[in-house]
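Trainee: Input file: final26.txt. Contents: compact mmCIF, C-alpha atoms.
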```txt
# COMPACT_ATOMS: atom_id res chain seq x y z
CA MET E 1 14.52 -14.48 17.17
CA GLN E 2 13.20 -14.01 13.67
CA SER E 3 9.65 -14.82 14.64
CA ILE E 4 9.75 -12.32 17.54
CA LEU E 5 10.88 -9.61 15.10
CA PHE E 6 8.17 -10.69 12.66
CA TRP E 7 5.44 -10.26 15.26
CA ILE E 8 6.83 -6.92 16.49
CA PHE E 9 6.97 -5.46 12.99
CA SER E 10 3.64 -6.86 11.86
CA LEU E 11 1.92 -5.63 15.00
CA ALA E 12 3.43 -2.16 14.46
CA MET E 13 2.36 -2.22 10.82
CA LEU E 14 -1.20 -3.37 11.53
CA GLY E 15 -1.62 -1.12 14.59
CA PHE E 16 -0.54 2.02 12.79
CA GLY E 17 -2.51 0.92 9.73
CA ALA E 18 -5.61 0.80 11.91
CA ALA E 19 -4.64 4.22 13.31
CA VAL E 20 -4.76 5.61 9.74
CA VAL E 21 -8.42 4.63 9.54
CA ILE E 22 -9.38 5.58 13.11
CA ASN E 23 -7.67 8.97 13.50
CA ARG E 24 -9.84 12.01 12.84
CA SER E 25 -7.03 14.41 12.02
CA PRO E 26 -5.56 13.87 8.51
CA ILE E 27 -2.03 14.76 9.65
CA ALA E 28 -2.09 12.08 12.37
CA SER E 29 -3.33 9.62 9.76
CA ALA E 30 -0.51 10.52 7.37
CA LEU E 31 2.14 10.13 10.08
CA SER E 32 0.67 6.76 11.12
CA LEU E 33 0.89 5.73 7.49
CA VAL E 34 4.65 6.46 7.51
CA VAL E 35 5.20 4.15 10.50
CA SER E 36 3.05 1.48 8.89
CA PHE E 37 5.14 1.65 5.70
CA LEU E 38 8.37 1.43 7.70
CA GLY E 39 7.12 -1.72 9.43
CA LEU E 40 6.28 -3.14 6.02
CA ALA E 41 9.78 -2.32 4.75
CA ALA E 42 11.21 -4.24 7.73
CA LEU E 43 9.05 -7.23 6.80
CA PHE E 44 10.36 -7.04 3.21
CA MET E 45 13.93 -7.13 4.51
CA MET E 46 13.12 -10.14 6.70
CA LEU E 47 12.02 -11.87 3.49
CA ASP E 48 15.49 -11.18 1.99
CA ALA E 49 14.05 -8.61 -0.44
CA TYR E 50 16.45 -5.81 0.50
CA PHE E 51 16.03 -3.87 -2.72
CA ILE E 52 12.24 -3.78 -2.40
CA GLY E 53 12.58 -2.78 1.24
CA VAL E 54 14.84 0.16 0.39
CA ILE E 55 12.54 1.20 -2.47
CA GLN E 56 9.60 1.03 -0.06
CA VAL E 57 11.31 3.43 2.36
CA LEU E 58 12.47 5.81 -0.39
CA VAL E 59 9.30 5.94 -2.48
CA TYR E 60 6.52 5.49 0.08
CA ALA E 61 7.91 6.76 3.37
CA GLY E 62 9.76 9.49 1.47
CA ALA E 63 8.15 10.77 -1.70
CA VAL E 64 4.52 9.69 -1.37
CA MET E 65 4.21 10.81 2.24
CA VAL E 66 5.74 14.22 1.50
CA LEU E 67 3.13 14.56 -1.25
CA PHE E 68 0.31 13.65 1.14
CA LEU E 69 1.51 16.04 3.86
CA PHE E 70 2.00 18.79 1.28
CA ILE E 71 -1.56 18.40 -0.01
CA ILE E 72 -2.96 18.34 3.54
CA MET E 73 -1.08 21.57 4.22
CA LEU E 74 -2.20 23.10 0.92
CA LEU E 75 -5.88 22.34 1.53
CA ASP E 76 -5.56 23.40 5.18
CA LEU E 77 -7.57 20.43 6.43
CA ARG E 78 -8.27 20.32 10.12
CA ALA E 79 -9.60 17.46 12.17
CA GLU E 80 -13.05 16.98 10.76
CA GLU E 81 -15.83 18.16 12.98
CA ARG E 82 -18.00 15.46 14.43
CA ARG E 83 -20.65 14.73 11.88
CA LYS E 84 -23.52 12.52 12.79
CA ILE E 85 -22.15 9.01 12.38
CA ASN E 86 -24.45 6.70 10.51
CA VAL E 87 -24.36 3.69 12.85
CA VAL E 88 -25.95 1.30 10.34
CA ALA E 89 -23.38 2.21 7.67
CA VAL E 90 -20.48 1.74 10.11
CA ILE E 91 -21.74 -1.65 11.30
CA GLY E 92 -22.37 -2.72 7.70
CA GLY E 93 -18.89 -1.62 6.63
CA VAL E 94 -17.20 -3.47 9.49
CA LEU E 95 -19.23 -6.58 8.73
CA VAL E 96 -18.28 -6.51 5.04
CA ALA E 97 -14.60 -6.06 5.96
CA LEU E 98 -14.77 -8.94 8.46
CA ALA E 99 -16.43 -11.14 5.83
CA LEU E 100 -13.57 -10.33 3.46
CA PHE E 101 -10.99 -11.26 6.08
CA PHE E 102 -12.88 -14.47 6.88
CA GLN E 103 -12.72 -15.41 3.22
CA ILE E 104 -8.98 -14.69 3.01
CA TYR E 105 -8.48 -16.74 6.18
CA CYS E 106 -10.37 -19.70 4.71
CA VAL E 107 -8.34 -19.59 1.49
CA VAL E 108 -5.02 -19.41 3.38
CA HIS E 109 -6.18 -22.18 5.72
CA LYS E 110 -6.93 -24.48 2.80
CA LEU E 111 -3.65 -23.73 1.01
CA ARG E 112 -1.33 -26.67 1.73
CA ALA E 113 1.81 -24.64 1.01
CA ALA E 114 0.83 -22.14 3.70
CA GLU E 115 1.83 -24.54 6.49
CA GLN E 116 5.36 -25.05 5.21
CA PRO E 117 8.22 -22.93 6.54
CA PHE E 118 10.30 -20.90 4.12
CA PRO E 119 13.10 -22.90 2.45
CA ARG E 120 16.58 -22.01 3.59
CA LEU E 121 18.74 -20.05 1.17
CA PRO E 122 22.04 -21.84 0.57
CA ILE E 123 23.94 -18.59 0.00
CA SER E 124 24.02 -16.23 2.96
CA LYS E 125 24.73 -13.11 0.92
CA ILE E 126 22.44 -12.62 -2.06
CA ASP E 127 22.89 -9.62 -4.35
CA ASP E 128 19.25 -9.09 -5.13
CA VAL E 129 19.74 -5.62 -6.67
CA ARG E 130 21.81 -7.25 -9.41
CA ASN E 131 19.32 -10.04 -9.98
CA VAL E 132 16.28 -7.75 -10.05
CA GLY E 133 18.14 -5.38 -12.37
CA LEU E 134 19.12 -8.14 -14.77
CA LEU E 135 15.54 -9.37 -14.95
CA LEU E 136 14.19 -5.82 -15.28
CA PHE E 137 16.43 -4.76 -18.16
CA ASP E 138 16.47 -8.11 -19.95
CA GLN E 139 13.25 -10.07 -19.69
CA TYR E 140 11.00 -7.19 -18.67
CA ASN E 141 12.56 -4.50 -20.83
CA LEU E 142 9.37 -3.61 -22.71
CA PRO E 143 7.17 -3.27 -19.58
CA PHE E 144 9.94 -1.17 -18.04
CA GLN E 145 9.86 1.27 -20.96
CA ILE E 146 6.06 1.33 -20.94
CA ILE E 147 6.14 2.25 -17.27
CA GLY E 148 8.52 5.08 -18.12
CA ILE E 149 5.91 6.43 -20.56
CA LEU E 150 3.26 6.00 -17.86
CA VAL E 151 5.23 8.13 -15.41
CA LEU E 152 5.74 10.77 -18.11
CA VAL E 153 2.01 10.83 -18.88
CA ALA E 154 1.24 11.10 -15.16
CA THR E 155 3.61 14.06 -14.84
CA ILE E 156 2.02 15.88 -17.77
CA GLY E 157 -1.45 15.05 -16.46
CA VAL E 158 -0.67 16.51 -13.06
CA ILE E 159 0.60 19.73 -14.67
CA VAL E 160 -2.57 20.02 -16.78
CA LEU E 161 -4.78 19.37 -13.75
CA SER E 162 -2.96 21.93 -11.63
CA LYS E 163 -3.30 24.77 -14.12
CA ARG E 164 -5.31 27.69 -12.87
CA GLU E 165 -8.44 27.41 -14.93
CA LEU E 166 -9.93 24.07 -15.82
CA ARG E 167 -12.21 24.10 -18.78
CA MET Z 1 9.07 -21.22 12.84
CA LEU Z 2 7.53 -18.76 10.42
CA THR Z 3 5.39 -20.18 7.66
CA LEU Z 4 4.08 -18.74 4.42
CA GLY Z 5 0.63 -18.66 6.03
CA ASN Z 6 1.78 -16.16 8.70
CA TYR Z 7 2.81 -13.64 6.07
CA LEU Z 8 -0.33 -14.24 4.00
CA LEU Z 9 -2.58 -13.69 7.00
CA VAL Z 10 -0.78 -10.48 8.01
CA SER Z 11 -1.10 -9.30 4.42
CA GLY Z 12 -4.81 -10.19 4.43
CA LEU Z 13 -5.32 -8.26 7.67
CA LEU Z 14 -3.59 -5.20 6.21
CA PHE Z 15 -5.79 -5.46 3.12
CA THR Z 16 -8.87 -5.70 5.34
CA ILE Z 17 -7.85 -2.59 7.27
CA GLY Z 18 -7.42 -0.68 4.02
CA PHE Z 19 -10.74 -1.97 2.72
CA ALA Z 20 -12.52 -0.94 5.92
CA GLY Z 21 -10.95 2.51 5.58
CA VAL Z 22 -12.25 2.91 2.03
CA ILE Z 23 -15.75 1.89 3.11
CA LEU Z 24 -15.99 3.69 6.45
CA ARG Z 25 -14.19 7.01 6.02
CA ARG Z 26 -15.74 9.99 4.26
CA ASN Z 27 -12.61 12.10 3.75
CA LEU Z 28 -11.15 11.69 0.25
CA ILE Z 29 -7.54 11.93 1.44
CA ILE Z 30 -8.02 9.23 4.08
CA ILE Z 31 -9.70 7.04 1.45
CA PHE Z 32 -6.63 7.54 -0.71
CA MET Z 33 -4.31 6.51 2.15
CA SER Z 34 -6.39 3.37 2.69
CA LEU Z 35 -5.98 2.56 -1.01
CA GLU Z 36 -2.21 2.72 -0.50
CA LEU Z 37 -2.52 0.29 2.41
CA MET Z 38 -4.36 -2.19 0.17
CA LEU Z 39 -1.70 -1.93 -2.56
CA ASN Z 40 1.00 -2.57 0.02
CA ALA Z 41 -0.80 -5.62 1.36
CA ALA Z 42 -0.69 -7.10 -2.15
CA ASN Z 43 3.03 -6.29 -2.30
CA LEU Z 44 3.67 -8.12 0.97
CA SER Z 45 2.05 -11.33 -0.21
CA LEU Z 46 3.92 -11.13 -3.55
CA VAL Z 47 7.28 -10.81 -1.77
CA ALA Z 48 6.36 -13.68 0.57
CA PHE Z 49 5.59 -15.90 -2.43
CA SER Z 50 8.87 -14.80 -4.05
CA ARG Z 51 10.85 -15.93 -0.99
CA PHE Z 52 8.87 -19.15 -0.78
CA ARG Z 53 9.76 -20.31 -4.31
CA VAL Z 54 13.49 -20.92 -4.18
CA ASP Z 55 14.81 -22.13 -7.53
CA ALA Z 56 17.55 -24.67 -8.27
CA ALA Z 57 20.32 -22.08 -7.93
CA GLY Z 58 19.14 -21.30 -4.40
CA LEU Z 59 17.77 -17.85 -5.20
CA PRO Z 60 14.28 -16.49 -4.53
CA ASN Z 61 11.97 -16.10 -7.51
CA TYR Z 62 12.74 -12.56 -8.63
CA ASN Z 63 9.83 -12.29 -11.06
CA ALA Z 64 7.56 -11.41 -8.14
CA GLN Z 65 9.97 -8.71 -6.95
CA VAL Z 66 10.04 -7.13 -10.42
CA PHE Z 67 6.24 -7.16 -10.29
CA VAL Z 68 6.33 -5.41 -6.90
CA PHE Z 69 8.70 -2.83 -8.40
CA PHE Z 70 6.16 -2.12 -11.16
CA ILE Z 71 3.32 -1.90 -8.62
CA ILE Z 72 5.26 0.64 -6.55
CA THR Z 73 5.94 2.75 -9.66
CA VAL Z 74 2.31 2.71 -10.76
CA ALA Z 75 1.19 3.51 -7.20
CA ALA Z 76 3.49 6.54 -7.08
CA ALA Z 77 2.10 7.83 -10.40
CA GLU Z 78 -1.43 7.15 -9.18
CA VAL Z 79 -0.87 9.12 -5.97
CA ALA Z 80 0.40 12.11 -7.93
CA VAL Z 81 -2.56 12.16 -10.34
CA GLY Z 82 -5.13 11.39 -7.61
CA LEU Z 83 -3.94 14.16 -5.32
CA ALA Z 84 -3.94 16.61 -8.25
CA ILE Z 85 -7.57 15.64 -8.93
CA ILE Z 86 -8.43 16.15 -5.24
CA VAL Z 87 -6.82 19.61 -5.30
CA ALA Z 88 -8.72 20.54 -8.49
CA LEU Z 89 -11.94 19.33 -6.89
CA TYR Z 90 -11.22 21.31 -3.72
CA ARG Z 91 -10.72 24.48 -5.75
CA VAL Z 92 -14.18 24.15 -7.28
CA ARG Z 93 -16.23 22.70 -4.42
CA ARG Z 94 -14.26 23.76 -1.29
CA THR Z 95 -14.60 20.30 0.25
CA THR Z 96 -12.91 16.90 0.35
CA HIS Z 97 -15.86 15.19 1.96
CA VAL Z 98 -17.46 12.58 -0.28
CA GLU Z 99 -20.96 13.22 1.07
CA ASP Z 100 -20.80 16.84 -0.11
CA ILE Z 101 -20.00 15.76 -3.67
CA ASN Z 102 -23.41 14.58 -4.83
CA THR Z 103 -24.01 16.24 -8.20
CA LEU Z 104 -24.37 12.88 -9.90
CA LYS Z 105 -26.74 11.60 -7.21
CA PHE Z 106 -30.21 11.05 -8.65
```
Spit out the file's structure as structure tokens when you get a sec.
Mentor:
Amino acid sequence: MQSILFWIFSLAMLGFGAAVVINRSPIASALSLVVSFLGLAALFMMLDAYFIGVIQVLVYAGAVMVLFLFIIMLLDLRAEERRKINVVAVIGGVLVALALFFQIYCVVHKLRAAEQPFPRLPISKIDDVRNVGLLLFDQYNLPFQIIGILVLVATIGVIVLSKRELR
Amino acid sequence: MLTLGNYLLVSGLLFTIGFAGVILRRNLIIIFMSLELMLNAANLSLVAFSRFRVDAAGLPNYNAQVFVFFIITVAAAEVAVGLAIIVALYRVRRTTHVEDINTLKF
């Protein structure tokens, strides 16, 4: 049962991920990206990471995608007209990507741990929000505050960039 | 039975798709979306490793999930700044096509 769900969700994620790259219209790409992120959130929940799964839906499928669609609307991008496709560049790019995947495959194939199934969790109900929160505010308190500063700097940077005249 | 290798290979495939998008596409916004795909592929393998390492108390290793949390936060900030840069570029050059942006090309 679990492995059927795994294949369904990973196929959805990979298929719509490929649709992001293949589609010519930016809006179709953005909507494919939403479905891909939702499939990924389902995979997170199958790995018992419910908090990360919910964050994935809220932040990516919610906030980030709204931002993307808003920018596409603002720039008024249409499906790009057919430019002359550089066949050599496309073949080269696909070859490089395939070489990368071949390398990843070889590494995973050699990894002895990769053949083992996931260990069973003795407790059926895990409260992972509590555990992540404890770790976040205790052991990783300093990185957490630094990331708060980072978000603040990003906000200010966006405001500066969006001002009318850039000098 | 699902193994760790299944998740790692799916994550590698997602990373490859994102990588191919960055190389092949010429639209800045699509390149940006492909970057997000690559970040998410890294997240998937981190969560898989987290579930794989069950400690003595029978809980997954939450360090990896905290790391994923940080990655998601940084990615959200990066999207905001990157899209602002794309909008500023579009105001000046009226294009989001990387082949039209060749001032630095010698």
Trainee: Counting all atoms listed in the file, note down every residue that has an atom within 12 Å of the point (4.8, -7.3, 9.3) (file coordinates), as a PyMOL selection string.
Mentor: (chain E and resi 2-17+35-47) or (chain Z and resi 2+6-14+40-41+43-45+47-48)
Trainee: Using atom CA of E:Leu67 and atom CA of Z:Val68 as the two end points, give the distance in Å to one decimal.
Mentor: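 Separation between atom CA of E:Leu67 and atom CA of Z:Val68: 21.0 Å.
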Trainee: Any idea which chain E residues end up within 7 Å of chain Z if we count only C-alpha atoms, as a PDB file with C-alpha atoms, keeping the file's coordinate frame please?
Mentor:
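File written: iface.pdb
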```
ATOM      1  CA  SER E   3       9.650 -14.820  14.640  1.00  0.00           C
ATOM      2  CA  SER E  10       3.640  -6.860  11.860  1.00  0.00           C
ATOM      3  CA  LEU E  14      -1.200  -3.370  11.530  1.00  0.00           C
ATOM      4  CA  GLY E  17      -2.510   0.920   9.730  1.00  0.00           C
ATOM      5  CA  ALA E  18      -5.610   0.800  11.910  1.00  0.00           C
ATOM      6  CA  VAL E  21      -8.420   4.630   9.540  1.00  0.00           C
ATOM      7  CA  PRO E  26      -5.560  13.870   8.510  1.00  0.00           C
ATOM      8  CA  PHE E  44      10.360  -7.040   3.210  1.00  0.00           C
ATOM      9  CA  LEU E  47      12.020 -11.870   3.490  1.00  0.00           C
ATOM     10  CA  VAL E  64       4.520   9.690  -1.370  1.00  0.00           C
ATOM     11  CA  VAL E  90     -20.480   1.740  10.110  1.00  0.00           C
ATOM     12  CA  GLY E  93     -18.890  -1.620   6.630  1.00  0.00           C
ATOM     13  CA  VAL E  94     -17.200  -3.470   9.490  1.00  0.00           C
ATOM     14  CA  ALA E  97     -14.600  -6.060   5.960  1.00  0.00           C
ATOM     15  CA  LEU E 100     -13.570 -10.330   3.460  1.00  0.00           C
ATOM     16  CA  PHE E 101     -10.990 -11.260   6.080  1.00  0.00           C
ATOM     17  CA  ILE E 104      -8.980 -14.690   3.010  1.00  0.00           C
ATOM     18  CA  TYR E 105      -8.480 -16.740   6.180  1.00  0.00           C
ATOM     19  CA  VAL E 108      -5.020 -19.410   3.380  1.00  0.00           C
ATOM     20  CA  ALA E 114       0.830 -22.140   3.700  1.00  0.00           C
ATOM     21  CA  GLU E 115       1.830 -24.540   6.490  1.00  0.00           C
ATOM     22  CA  GLN E 116       5.360 -25.050   5.210  1.00  0.00           C
ATOM     23  CA  PRO E 117       8.220 -22.930   6.540  1.00  0.00           C
ATOM     24  CA  PHE E 118      10.300 -20.900   4.120  1.00  0.00           C
ATOM     25  CA  PRO E 119      13.100 -22.900   2.450  1.00  0.00           C
ATOM     26  CA  LEU E 121      18.740 -20.050   1.170  1.00  0.00           C
ATOM     27  CA  PRO E 122      22.040 -21.840   0.570  1.00  0.00           C
ATOM     28  CA  VAL E 132      16.280  -7.750 -10.050  1.00  0.00           C
ATOM     29  CA  LEU E 136      14.190  -5.820 -15.280  1.00  0.00           C
ATOM     30  CA  VAL E 151       5.230   8.130 -15.410  1.00  0.00           C
ATOM     31  CA  ALA E 154       1.240  11.100 -15.160  1.00  0.00           C
ATOM     32  CA  GLY E 157      -1.450  15.050 -16.460  1.00  0.00           C
ATOM     33  CA  VAL E 158      -0.670  16.510 -13.060  1.00  0.00           C
ATOM     34  CA  LEU E 161      -4.780  19.370 -13.750  1.00  0.00           C
ATOM     35  CA  SER E 162      -2.960  21.930 -11.630  1.00  0.00           C
TER      36      SER E 162
END
```
Trainee: Kindly give the distance, in Å, that separates atom CA of E:Gly133 and atom CA of E:Val153, rounded to a single decimal.
Mentor: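 Atom-to-atom, atom CA of E:Gly133 to atom CA of E:Val153, that is 23.8 Å.
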Trainee: Figure out the distance between atom CA of E:Ser29 and atom CA of E:Val59, please, to one decimal in Å.
Mentor: 18.0 Å
Trainee: Around all listed atoms of stretch 61-71 of chain Z, padded 8 Å per side, what centre and edge lengths does the axis-aligned box have in Å to one decimal, as AutoDock Vina command-line options?
Mentor:
```
--center_x 8.0 --center_y -9.0 --center_z -9.0 --size_x 25.4 --size_y 30.2 --size_z 20.3
```
Trainee: Would you please take stretch 80-106 of chain E of the structure in the block above and write N, CA and C atoms to a file as a PDB file, in the first residue's frame?
Mentor:
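selection-v2.pdb, freshly written:
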```pdb
ATOM      1  N   GLU E  80       6.284  32.243 -24.859  1.00  0.00           N
ATOM      2  CA  GLU E  80       7.344  32.839 -25.670  1.00  0.00           C
ATOM      3  C   GLU E  80       7.206  32.363 -27.113  1.00  0.00           C
ATOM      4  N   GLU E  81       7.455  33.298 -28.005  1.00  0.00           N
ATOM      5  CA  GLU E  81       7.354  32.942 -29.421  1.00  0.00           C
ATOM      6  C   GLU E  81       8.476  31.973 -29.757  1.00  0.00           C
ATOM      7  N   ARG E  82       8.234  31.179 -30.776  1.00  0.00           N
ATOM      8  CA  ARG E  82       9.216  30.153 -31.111  1.00  0.00           C
ATOM      9  C   ARG E  82      10.483  30.812 -31.624  1.00  0.00           C
ATOM     10  N   ARG E  83      11.508  30.780 -30.810  1.00  0.00           N
ATOM     11  CA  ARG E  83      12.803  31.226 -31.293  1.00  0.00           C
ATOM     12  C   ARG E  83      13.473  30.033 -31.950  1.00  0.00           C
ATOM     13  N   LYS E  84      14.503  30.330 -32.697  1.00  0.00           N
ATOM     14  CA  LYS E  84      15.226  29.220 -33.317  1.00  0.00           C
ATOM     15  C   LYS E  84      15.925  28.448 -32.204  1.00  0.00           C
ATOM     16  N   ILE E  85      15.591  27.167 -32.095  1.00  0.00           N
ATOM     17  CA  ILE E  85      16.190  26.355 -31.031  1.00  0.00           C
ATOM     18  C   ILE E  85      17.564  25.886 -31.481  1.00  0.00           C
ATOM     19  N   ASN E  86      18.529  26.140 -30.612  1.00  0.00           N
ATOM     20  CA  ASN E  86      19.892  25.705 -30.906  1.00  0.00           C
ATOM     21  C   ASN E  86      20.006  24.219 -30.558  1.00  0.00           C
ATOM     22  N   VAL E  87      19.973  23.367 -31.610  1.00  0.00           N
ATOM     23  CA  VAL E  87      19.883  21.920 -31.380  1.00  0.00           C
ATOM     24  C   VAL E  87      21.106  21.405 -30.626  1.00  0.00           C
ATOM     25  N   VAL E  88      22.294  21.936 -30.980  1.00  0.00           N
ATOM     26  CA  VAL E  88      23.519  21.467 -30.327  1.00  0.00           C
ATOM     27  C   VAL E  88      23.476  21.769 -28.830  1.00  0.00           C
ATOM     28  N   ALA E  89      22.999  22.996 -28.495  1.00  0.00           N
ATOM     29  CA  ALA E  89      22.935  23.373 -27.077  1.00  0.00           C
ATOM     30  C   ALA E  89      21.954  22.478 -26.332  1.00  0.00           C
ATOM     31  N   VAL E  90      20.808  22.172 -26.961  1.00  0.00           N
ATOM     32  CA  VAL E  90      19.804  21.332 -26.283  1.00  0.00           C
ATOM     33  C   VAL E  90      20.362  19.937 -26.049  1.00  0.00           C
ATOM     34  N   ILE E  91      20.986  19.361 -27.096  1.00  0.00           N
ATOM     35  CA  ILE E  91      21.539  18.012 -26.939  1.00  0.00           C
ATOM     36  C   ILE E  91      22.630  18.009 -25.872  1.00  0.00           C
ATOM     37  N   GLY E  92      23.488  19.035 -25.902  1.00  0.00           N
ATOM     38  CA  GLY E  92      24.547  19.130 -24.899  1.00  0.00           C
ATOM     39  C   GLY E  92      23.983  19.225 -23.496  1.00  0.00           C
ATOM     40  N   GLY E  93      22.940  20.075 -23.321  1.00  0.00           N
ATOM     41  CA  GLY E  93      22.340  20.232 -22.000  1.00  0.00           C
ATOM     42  C   GLY E  93      21.751  18.935 -21.496  1.00  0.00           C
ATOM     43  N   VAL E  94      21.026  18.225 -22.370  1.00  0.00           N
ATOM     44  CA  VAL E  94      20.420  16.948 -21.955  1.00  0.00           C
ATOM     45  C   VAL E  94      21.505  15.944 -21.594  1.00  0.00           C
ATOM     46  N   LEU E  95      22.585  15.945 -22.368  1.00  0.00           N
ATOM     47  CA  LEU E  95      23.674  15.003 -22.075  1.00  0.00           C
ATOM     48  C   LEU E  95      24.308  15.294 -20.720  1.00  0.00           C
ATOM     49  N   VAL E  96      24.555  16.591 -20.446  1.00  0.00           N
ATOM     50  CA  VAL E  96      25.150  16.946 -19.151  1.00  0.00           C
ATOM     51  C   VAL E  96      24.226  16.529 -18.009  1.00  0.00           C
ATOM     52  N   ALA E  97      22.900  16.779 -18.177  1.00  0.00           N
ATOM     53  CA  ALA E  97      21.953  16.402 -17.129  1.00  0.00           C
ATOM     54  C   ALA E  97      21.940  14.890 -16.943  1.00  0.00           C
ATOM     55  N   LEU E  98      21.958  14.137 -18.049  1.00  0.00           N
ATOM     56  CA  LEU E  98      21.963  12.679 -17.934  1.00  0.00           C
ATOM     57  C   LEU E  98      23.234  12.185 -17.255  1.00  0.00           C
ATOM     58  N   ALA E  99      24.371  12.841 -17.565  1.00  0.00           N
ATOM     59  CA  ALA E  99      25.622  12.454 -16.915  1.00  0.00           C
ATOM     60  C   ALA E  99      25.526  12.678 -15.415  1.00  0.00           C
ATOM     61  N   LEU E 100      24.903  13.810 -15.015  1.00  0.00           N
ATOM     62  CA  LEU E 100      24.722  14.080 -13.590  1.00  0.00           C
ATOM     63  C   LEU E 100      23.882  13.001 -12.933  1.00  0.00           C
ATOM     64  N   PHE E 101      22.778  12.622 -13.602  1.00  0.00           N
ATOM     65  CA  PHE E 101      21.918  11.597 -13.013  1.00  0.00           C
ATOM     66  C   PHE E 101      22.647  10.261 -12.942  1.00  0.00           C
ATOM     67  N   PHE E 102      23.452   9.953 -13.967  1.00  0.00           N
ATOM     68  CA  PHE E 102      24.207   8.701 -13.951  1.00  0.00           C
ATOM     69  C   PHE E 102      25.150   8.670 -12.748  1.00  0.00           C
ATOM     70  N   GLN E 103      25.771   9.815 -12.482  1.00  0.00           N
ATOM     71  CA  GLN E 103      26.674   9.886 -11.335  1.00  0.00           C
ATOM     72  C   GLN E 103      25.925   9.661 -10.024  1.00  0.00           C
ATOM     73  N   ILE E 104      24.766  10.343  -9.883  1.00  0.00           N
ATOM     74  CA  ILE E 104      23.969  10.167  -8.663  1.00  0.00           C
ATOM     75  C   ILE E 104      23.568   8.703  -8.514  1.00  0.00           C
ATOM     76  N   TYR E 105      23.171   8.079  -9.655  1.00  0.00           N
ATOM     77  CA  TYR E 105      22.754   6.687  -9.617  1.00  0.00           C
ATOM     78  C   TYR E 105      23.901   5.802  -9.139  1.00  0.00           C
ATOM     79  N   CYS E 106      25.104   6.056  -9.649  1.00  0.00           N
ATOM     80  CA  CYS E 106      26.252   5.230  -9.250  1.00  0.00           C
ATOM     81  C   CYS E 106      26.524   5.367  -7.755  1.00  0.00           C
TER      82      CYS E 106
END
```
